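Visitor: I have a structure here, written as structure tokens, and I will follow up with some questions on it.
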Amino acid sequence: MSEKNLLKGNIAIAKAALNCGCSCYFGYPITPQTDIGEYLSLEMQKRNLAYVCAESEIGAINMALGAASSGEKVMTSSSSCAVALMQETLSYASSDELPVVLVNVMRAGPGQGYIFPSQGDYNQATIGGGNGDYKIIVLSPSSVQECIDLTYKSFYLAQKYRNPTILLVDGLLGQMAEPAIINENPYPDVDNSSWRLDGAKNRASRNIHSLEPNQTKLNQHVVKLYQKYQEIEKNEQVWEEYLCDDAEIILTAFGTMARSVKAVCNHFRQLGIKMGVFRPISLYPFPYNRLRELSIKAKCFIDIEMNMGQMLKDVRLGVLSNAHISFIGKPVGDWLKKEEIINAINNIIKEQYASI
Amino acid sequence: MQVYSIPKSIKKDSKFTFCKGCDHGVAIKLIAEIIDELNLKDDTIAVSSSGCSVLLYNFLDVDCLEAPHGRACAVATGIKRAHKARKDDKFVFTYQGDGDFASIGLGESMHSALRGENITAICINNTNYGMTGGQMGPTSTMGQYTTTSPLGRNKEYHGFPIKTAEQIALCDGTQFSARVALYDIKNILRAKKIIKKAFECQKNNKGFSFVEILSSCPTNWKLSPQDSHTKIKDELTKIYPLDIFKDTTND
Amino acid sequence: MSYIKIDKDKCKSCYLCMDVCPYKLIKKSNNIGTTGEYTVEFSDSEKKCIGCAQCAIVCPEIAIIEVNRE
């Protein structure tokens with residue numbers, strides 16, 4: 001397994017899931033993530049694992065909810081407008097503290113939109129569309145290798161914190177092939193014998209529910225969830241820095257966008273401009289702390305996304321008023337090209353940062 | 001000789017929180033008795049749903065997961081398949097109302113039946129949305145007065161109710177589908193026999209089994225418990241006949 | 001001697017048991033229950049109870065917690 005292979009992002013995710021012991025997959029077709037379900041349909045049947053072609057995304061995520069209660073590693077995958085259908089159950093899974101892993105390979109919206117490239121689901125993933133106070137761990141890969149590594153991590157964090165986890169993948173990355181290694185899953189299995197539902201044999205019966213007619217208890221439950229989220233925020237902020245140490249201008253981008261942004265950074269470095277790139281890998285918990293440290297030295301930040309500025313608000317929350325913040329983005333279509341970004345940055349520098 | 005005692009699968013000191021005379025209590029009691037008789041307590045995972053049926057986990061002393069409204073059969077599918085994947089088969093059943101099973105969750109319910117999931121679904125049909133105060137549901141009968149059909153259910157205005165057990169029997173994956181009632185001793189005993197058969201259907205790995213239970217809702221019907229049972233006997237069983245609509249368990 | 005035991009704290013006064021008892025041995029008591037009505041009690045001075053358990057079978061509250069048959 002430890003040799004480099006040309007792998008598509010979607011297939012890499014499916015292979016990694018199998019490799020780290022995912023025994024249940026439930027899904028419904030939607031482009032551009034369908035390869036995941038197609039690949040797993042045969043592989044899981046061969047291994048006598050649980051695979052259901054669900055009647056809808058609502059069916060799929062609820063099967064995942066049920067399966068997660070057994071303590072098994074479960075996954076469902078979908079895309080943008082169909083992930084919208086899953087929001088109710090993500091809220092339930094958060095309250096129930098059930099480790100469901102959801103892969104969202106993004107297409108363009110709003111509504112049905114189309115299969116064009118877009119990073120329009122940042123808000124949907126990090127803020128969520130379900131009801132009540134809850135948070136979902138969100139990881140964002142920028143390469144096929146990272147699709148593998150972060151799939152492992154998604155399963156691990158989901159089990160470790162008993163929390164739903166979303167792997168937020170650009171459609172571009174899901175469909176793109178590049179060399180990658182299916183390495184070993186580096187994370188240990190988490191003991192779930194204290195909470196899983198596997199029949200009340202030699203122990204008291206357990207129940208998992210989100211309904212709580214006692215307001216004091218419901219209050220305590222949400223407070224307890226938030227203590228867990230604080231723990232997640234303390235331990236699990238992950239990011240990548242590229243030439244940030246002496247940077248005066250820092251470009252922020254997530255997912256595949258960060259790759260073209262790095263090329264842009266190299267261009268400006270060659271011109272002697274001190275530029276760096278900051279890429280959040282965990283979108284929740286967002287790496288605010290590190291961004292704030294960088295904002296004390298840097299003079300300005302330029303956020304670059306394939307949407308109308310969804311991560312921008314988190315960049316603002318990290319940077320506060322320590323530095324200027326600008327935005328470059330477009331919602332849908334051909335990925336922003338290196339030249340387009342360079343031109344846009346030149347304009348920003350000319351207009352707003354002439355003094356620095 | 002003690003001939004009757006509280007079923008072992010009922011939680012100690014639990015007190016039903018249903019309205020006076022509601023048949024939910026009888027249905028849960030029967031399920032508990034059958035779990036005891038088939039010795040399933042240690043291997044059962046129950047799925048409760050939204051509505052009056054949600055509180056099942058407060059009464060039954062088995063592992064229980066609450067499903068989002070309507071999704072009990074999908075959740076049960078996930079549970080059943082996950083345990084099968086770990087080669088540790090469990091007994092999985094859902095306990096749902098008619099609104100949950102046959103309205104908001106009809107897609108999940110029917111597709112579980114079509115796939116022939118080896119689970120059992122129990123549906124309490126009281127012809128209205130009970131917990132929210134008696135609104136018109138998928139099984140409200142023609143002419144029935146509810147808070148959202150104040151002039152009576154009307155075919156031109158509201159359309160027709162669903163005969164759930166008959167519909168589920170049409171699915172190829174369904175191995176057992178029946179309708180029972182709880183309005184007198186004879187019917188309670190018949191219901192127990194039939195629910196037991198549905199549970200055995202799963203135990204013998206036959207496939208999807210379903211029992212619809214005609215139940216009283218004295219509060220929202222605005223009838224006494226006695227008159228509610230008379231209504232089921234005289235009116236509802238004419239519309240929703242008590243029968244076994246499909247049974248392949250002996251094939 | 002056959003007899004039943006009633007948990008009056010569970011009784012919600014639906015009186016379904018009173019209707020099914022073949023010898024009418026279950027009556028309203030003086031105790032007011034959770035629904036604000038009189039709960040039921042078992043009174044069998046003439047030892048008529050046959051332990052048929054019909055009362056327990058119809059009780060929606062499992063308030064009839066025991067039936068003993070001679």
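Going by the structure tokens order, chains are called A, B, ..., each with residues numbered from 1, while ligands are numbered from 1 in the order shown.
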Which residues in segment 4-217 of chain B does DSSP call strand (DSSP E or B)? List them as a VMD selection string.

Guide: chain B and resid 4 to 5 10 44 to 48 60 63 to 66 91 to 97 120 to 125 129 135 146 149 174 to 181 208 to 214

Visitor: Mind writing the picked residues with C-alpha atoms as a compact mmCIF listing (two decimals), in the first residue's frame?

Guide:
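Dumped to selection.txt:
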# COMPACT_ATOMS: atom_id res chain seq x y z
CA TYR B 4 -49.75 -11.61 35.93
CA SER B 5 -46.90 -9.28 36.86
CA ILE B 10 -40.56 -2.45 31.63
CA THR B 44 -32.73 -5.45 21.41
CA ILE B 45 -32.16 -1.95 20.14
CA ALA B 46 -35.40 0.01 19.92
CA VAL B 47 -35.86 3.11 17.79
CA SER B 48 -38.33 5.69 19.02
CA LEU B 60 -38.74 0.02 27.98
CA ASP B 63 -31.15 0.06 24.52
CA CYS B 64 -32.96 2.77 22.60
CA LEU B 65 -32.10 5.45 20.06
CA GLU B 66 -34.43 8.32 19.23
CA PHE B 91 -33.05 -7.33 17.25
CA VAL B 92 -34.12 -3.90 15.99
CA PHE B 93 -37.62 -2.49 15.98
CA THR B 94 -39.18 0.93 15.53
CA TYR B 95 -42.08 2.37 17.49
CA GLN B 96 -43.78 5.12 15.54
CA GLY B 97 -47.03 6.99 15.19
CA THR B 120 -39.84 -4.71 12.61
CA ALA B 121 -41.89 -1.53 12.49
CA ILE B 122 -44.76 -0.90 14.89
CA CYS B 123 -47.08 1.93 13.93
CA ILE B 124 -49.63 3.36 16.35
CA ASN B 125 -52.53 4.65 14.26
CA TYR B 129 -51.33 14.09 15.40
CA GLN B 135 -54.40 17.86 13.91
CA THR B 146 -59.65 17.70 13.82
CA SER B 149 -60.03 19.99 9.49
CA THR B 174 -42.36 -7.05 3.24
CA GLN B 175 -42.74 -10.50 4.75
CA PHE B 176 -45.40 -9.70 7.30
CA SER B 177 -47.96 -6.90 7.46
CA ALA B 178 -51.02 -6.78 9.67
CA ARG B 179 -53.44 -4.47 11.41
CA VAL B 180 -54.61 -5.03 14.97
CA ALA B 181 -56.68 -3.13 17.53
CA PHE B 208 -39.39 -6.60 6.92
CA SER B 209 -42.32 -7.03 9.29
CA PHE B 210 -44.96 -4.45 10.08
CA VAL B 211 -47.86 -4.12 12.49
CA GLU B 212 -50.29 -1.21 12.47
CA ILE B 213 -52.11 -0.81 15.77
CA LEU B 214 -55.45 1.01 15.78

Visitor: Once you count only C-alpha atoms, which residues of chain A turn out to be within 10 Å of chain B? Could you give them as a PyMOL selection string?

Guide: chain A and resi 23-26+44+47-56+58-74+88-89+91-93+96+196-212

Visitor: What are the DSSP alpha helix (DSSP H) residues of segment 5-227 of chain B, as an NGL selection string?

Guide: :B and (24-37 or 56-59 or 72-85 or 98-99 or 106-115 or 164-169 or 185-203 or 218-221 or 225-227)

Visitor: Please provide the set of residues having any atom within 9 Å of segment 309-318 of chain A, restricted to only C-alpha atoms, with same-chain residues fewer than 5 positions apart removed, written as a list in words.

Guide: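 Once the nearby chain positions are removed, what remains is Gln119, Gly120, Asp121, Tyr122, Asn123, Thr252, Ala253, Phe254, Leu283, Phe286, Pro287, Tyr288, Asn289, Arg290, Leu291, Arg292, Glu293, Ser295, Phe301, Asp303, Ile304, Ile325, Ser326, Phe327, Ile328, Gly329, Lys330 and Pro331 of chain A.
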
Visitor: Write the residues of the selection above to a file with N, CA, C and O atoms, as a compact mmCIF listing (two decimals), in the first residue's frame.

Guide:
# COMPACT_ATOMS: atom_id res chain seq x y z
N GLN A 119 -16.54 27.13 -3.85
CA GLN A 119 -16.30 26.80 -2.44
C GLN A 119 -17.44 27.38 -1.61
O GLN A 119 -17.24 27.92 -0.53
N GLY A 120 -18.64 27.24 -2.14
CA GLY A 120 -19.79 27.93 -1.55
C GLY A 120 -20.37 27.32 -0.29
O GLY A 120 -21.34 27.85 0.26
N ASP A 121 -19.79 26.22 0.18
CA ASP A 121 -20.40 25.55 1.35
C ASP A 121 -19.62 25.77 2.64
O ASP A 121 -19.81 25.05 3.62
N TYR A 122 -18.74 26.78 2.63
CA TYR A 122 -17.98 27.06 3.87
C TYR A 122 -18.94 27.37 5.01
O TYR A 122 -18.83 26.82 6.11
N ASN A 123 -19.90 28.24 4.73
CA ASN A 123 -20.86 28.61 5.79
C ASN A 123 -21.72 27.42 6.19
O ASN A 123 -21.96 27.18 7.37
N THR A 252 -4.86 34.57 2.63
CA THR A 252 -5.54 33.45 3.30
C THR A 252 -6.44 32.75 2.28
O THR A 252 -7.10 33.40 1.47
N ALA A 253 -6.44 31.42 2.32
CA ALA A 253 -7.27 30.62 1.42
C ALA A 253 -7.41 29.24 2.01
O ALA A 253 -6.57 28.81 2.79
N PHE A 254 -8.51 28.55 1.67
CA PHE A 254 -8.66 27.18 2.16
C PHE A 254 -8.81 26.22 0.98
O PHE A 254 -9.15 26.63 -0.13
N LEU A 283 -11.45 24.03 9.55
CA LEU A 283 -12.29 25.24 9.36
C LEU A 283 -13.14 25.46 10.60
O LEU A 283 -13.49 26.57 10.95
N PHE A 286 -11.65 27.00 13.77
CA PHE A 286 -10.87 27.89 12.92
C PHE A 286 -9.64 28.35 13.70
O PHE A 286 -9.75 28.70 14.87
N PRO A 287 -8.47 28.36 13.04
CA PRO A 287 -7.24 28.72 13.78
C PRO A 287 -7.12 30.22 14.05
O PRO A 287 -6.20 30.88 13.56
N TYR A 288 -8.05 30.74 14.82
CA TYR A 288 -8.04 32.18 15.12
C TYR A 288 -6.76 32.61 15.83
O TYR A 288 -6.20 33.67 15.56
N ASN A 289 -6.30 31.77 16.77
CA ASN A 289 -5.20 32.18 17.63
C ASN A 289 -3.94 32.49 16.83
O ASN A 289 -3.31 33.53 17.01
N ARG A 290 -3.59 31.56 15.93
CA ARG A 290 -2.38 31.76 15.14
C ARG A 290 -2.54 32.95 14.21
O ARG A 290 -1.62 33.74 14.01
N LEU A 291 -3.74 33.08 13.64
CA LEU A 291 -3.99 34.19 12.72
C LEU A 291 -3.81 35.51 13.48
O LEU A 291 -3.25 36.47 12.95
N ARG A 292 -4.25 35.54 14.73
CA ARG A 292 -4.12 36.77 15.52
C ARG A 292 -2.65 37.08 15.79
O ARG A 292 -2.22 38.22 15.67
N GLU A 293 -1.87 36.04 16.10
CA GLU A 293 -0.42 36.26 16.31
C GLU A 293 0.22 36.86 15.06
O GLU A 293 0.98 37.81 15.14
N SER A 295 -1.22 38.51 12.76
CA SER A 295 -1.78 39.83 12.42
C SER A 295 -1.05 40.95 13.16
O SER A 295 -1.14 42.11 12.78
N PHE A 301 -3.94 41.63 5.16
CA PHE A 301 -4.38 40.28 4.82
C PHE A 301 -5.27 40.37 3.59
O PHE A 301 -6.08 41.29 3.46
N ASP A 303 -7.89 37.86 1.67
CA ASP A 303 -8.58 36.57 1.71
C ASP A 303 -9.03 36.23 0.29
O ASP A 303 -9.63 37.07 -0.39
N ILE A 304 -8.71 35.02 -0.15
CA ILE A 304 -9.02 34.63 -1.53
C ILE A 304 -9.84 33.34 -1.51
O ILE A 304 -9.39 32.31 -0.98
N ILE A 325 -7.77 44.27 5.86
CA ILE A 325 -8.24 43.01 5.28
C ILE A 325 -8.94 43.32 3.97
O ILE A 325 -9.81 44.20 3.91
N SER A 326 -8.53 42.61 2.91
CA SER A 326 -9.21 42.74 1.62
C SER A 326 -9.68 41.37 1.16
O SER A 326 -9.26 40.34 1.71
N PHE A 327 -10.49 41.37 0.12
CA PHE A 327 -11.04 40.11 -0.36
C PHE A 327 -10.98 40.01 -1.88
O PHE A 327 -11.27 40.97 -2.60
N ILE A 328 -10.59 38.84 -2.36
CA ILE A 328 -10.66 38.54 -3.79
C ILE A 328 -11.46 37.25 -3.92
O ILE A 328 -11.16 36.26 -3.23
N GLY A 329 -12.43 37.24 -4.79
CA GLY A 329 -13.17 35.99 -4.95
C GLY A 329 -14.17 36.05 -6.07
O GLY A 329 -14.47 37.11 -6.60
N LYS A 330 -14.64 34.91 -6.46
CA LYS A 330 -15.80 34.83 -7.34
C LYS A 330 -16.57 33.57 -6.96
O LYS A 330 -15.99 32.60 -6.47
N PRO A 331 -17.88 33.60 -7.17
CA PRO A 331 -18.69 32.53 -6.60
C PRO A 331 -18.62 31.21 -7.36
O PRO A 331 -18.64 30.14 -6.76

Visitor: Where does chain C meet chain B within 12 Å, residue by residue, with the nearest atom pair and distance in Å to one decimal for each, counting only C-alpha atoms, listed by chain and rising number, as JSON lines?

Guide:
{"residue": "C:Met1", "atom": "CA", "partner": "B:Met1", "partner_atom": "CA", "distance": 9.7}
{"residue": "C:Ser2", "atom": "CA", "partner": "B:Met1", "partner_atom": "CA", "distance": 8.5}
{"residue": "C:Tyr3", "atom": "CA", "partner": "B:Gln2", "partner_atom": "CA", "distance": 9.4}
{"residue": "C:Ile4", "atom": "CA", "partner": "B:Tyr4", "partner_atom": "CA", "distance": 8.9}
{"residue": "C:Lys5", "atom": "CA", "partner": "B:Ser5", "partner_atom": "CA", "distance": 9.6}
{"residue": "C:Ile6", "atom": "CA", "partner": "B:Ser5", "partner_atom": "CA", "distance": 11.1}
{"residue": "C:Asp7", "atom": "CA", "partner": "B:Lys15", "partner_atom": "CA", "distance": 10.5}
{"residue": "C:Lys8", "atom": "CA", "partner": "B:Lys15", "partner_atom": "CA", "distance": 11.5}
{"residue": "C:Asp9", "atom": "CA", "partner": "B:Lys15", "partner_atom": "CA", "distance": 8.9}
{"residue": "C:Lys10", "atom": "CA", "partner": "B:Lys15", "partner_atom": "CA", "distance": 6.4}
{"residue": "C:Cys11", "atom": "CA", "partner": "B:Lys20", "partner_atom": "CA", "distance": 8.9}
{"residue": "C:Lys12", "atom": "CA", "partner": "B:Lys20", "partner_atom": "CA", "distance": 5.6}
{"residue": "C:Ser13", "atom": "CA", "partner": "B:Lys20", "partner_atom": "CA", "distance": 7.1}
{"residue": "C:Cys14", "atom": "CA", "partner": "B:Gly21", "partner_atom": "CA", "distance": 5.2}
{"residue": "C:Tyr15", "atom": "CA", "partner": "B:Pro225", "partner_atom": "CA", "distance": 8.2}
{"residue": "C:Leu16", "atom": "CA", "partner": "B:Gln226", "partner_atom": "CA", "distance": 6.8}
{"residue": "C:Cys17", "atom": "CA", "partner": "B:Gln226", "partner_atom": "CA", "distance": 10.4}
{"residue": "C:Met18", "atom": "CA", "partner": "B:Gln226", "partner_atom": "CA", "distance": 10.7}
{"residue": "C:Asp19", "atom": "CA", "partner": "B:Gln226", "partner_atom": "CA", "distance": 8.6}
{"residue": "C:Val20", "atom": "CA", "partner": "B:Ile185", "partner_atom": "CA", "distance": 8.3}
{"residue": "C:Cys21", "atom": "CA", "partner": "B:Ile185", "partner_atom": "CA", "distance": 11.1}
{"residue": "C:Gly33", "atom": "CA", "partner": "B:Lys20", "partner_atom": "CA", "distance": 11.2}
{"residue": "C:Thr34", "atom": "CA", "partner": "B:Lys20", "partner_atom": "CA", "distance": 9.7}
{"residue": "C:Thr35", "atom": "CA", "partner": "B:Lys20", "partner_atom": "CA", "distance": 7.7}
{"residue": "C:Gly36", "atom": "CA", "partner": "B:Lys20", "partner_atom": "CA", "distance": 11.1}
{"residue": "C:Glu37", "atom": "CA", "partner": "B:Lys20", "partner_atom": "CA", "distance": 10.7}
{"residue": "C:Thr39", "atom": "CA", "partner": "B:Lys20", "partner_atom": "CA", "distance": 11.7}
{"residue": "C:Ile50", "atom": "CA", "partner": "B:Val3", "partner_atom": "CA", "distance": 11.0}
{"residue": "C:Gly51", "atom": "CA", "partner": "B:Val3", "partner_atom": "CA", "distance": 7.6}
{"residue": "C:Cys52", "atom": "CA", "partner": "B:Val3", "partner_atom": "CA", "distance": 8.5}
{"residue": "C:Ala53", "atom": "CA", "partner": "B:Tyr4", "partner_atom": "CA", "distance": 6.8}
{"residue": "C:Gln54", "atom": "CA", "partner": "B:Ile185", "partner_atom": "CA", "distance": 6.7}
{"residue": "C:Cys55", "atom": "CA", "partner": "B:Ile185", "partner_atom": "CA", "distance": 9.1}
{"residue": "C:Ala56", "atom": "CA", "partner": "B:Tyr4", "partner_atom": "CA", "distance": 7.4}
{"residue": "C:Ile57", "atom": "CA", "partner": "B:Ile185", "partner_atom": "CA", "distance": 6.9}
{"residue": "C:Val58", "atom": "CA", "partner": "B:Ile185", "partner_atom": "CA", "distance": 6.6}
{"residue": "C:Cys59", "atom": "CA", "partner": "B:Val26", "partner_atom": "CA", "distance": 6.9}
{"residue": "C:Pro60", "atom": "CA", "partner": "B:Gly25", "partner_atom": "CA", "distance": 4.4}
{"residue": "C:Glu61", "atom": "CA", "partner": "B:Gly25", "partner_atom": "CA", "distance": 5.7}
{"residue": "C:Ile62", "atom": "CA", "partner": "B:Ile6", "partner_atom": "CA", "distance": 6.8}
{"residue": "C:Ala63", "atom": "CA", "partner": "B:Lys15", "partner_atom": "CA", "distance": 8.8}
{"residue": "C:Ile64", "atom": "CA", "partner": "B:Ser5", "partner_atom": "CA", "distance": 8.2}
{"residue": "C:Ile65", "atom": "CA", "partner": "B:Ser5", "partner_atom": "CA", "distance": 5.5}
{"residue": "C:Glu66", "atom": "CA", "partner": "B:Ser5", "partner_atom": "CA", "distance": 4.7}
{"residue": "C:Val67", "atom": "CA", "partner": "B:Tyr4", "partner_atom": "CA", "distance": 4.8}
{"residue": "C:Asn68", "atom": "CA", "partner": "B:Gln2", "partner_atom": "CA", "distance": 4.2}
{"residue": "C:Arg69", "atom": "CA", "partner": "B:Met1", "partner_atom": "CA", "distance": 5.2}
{"residue": "C:Glu70", "atom": "CA", "partner": "B:Met1", "partner_atom": "CA", "distance": 6.1}

Visitor: Give me, as a PyMOL selection string, all polymer residues having an atom no more than 12 Å from Val169 of chain A, counting only C-alpha atoms and skipping those fewer than 3 positions away in the same chain.

Guide: chain A and resi 9-10+12-13+32-33+77-80+102-107+117-122+125+138-144+146-148+150-151+166+172-176+254-257+281+283

Visitor: Find the distance between atom CA of Ile250 of chain A and atom CA of Val277 of chain A and write it in Å to one decimal.

Guide: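 Between atom CA of Ile250 of chain A and atom CA of Val277 of chain A the gap works out to 5.4 Å.
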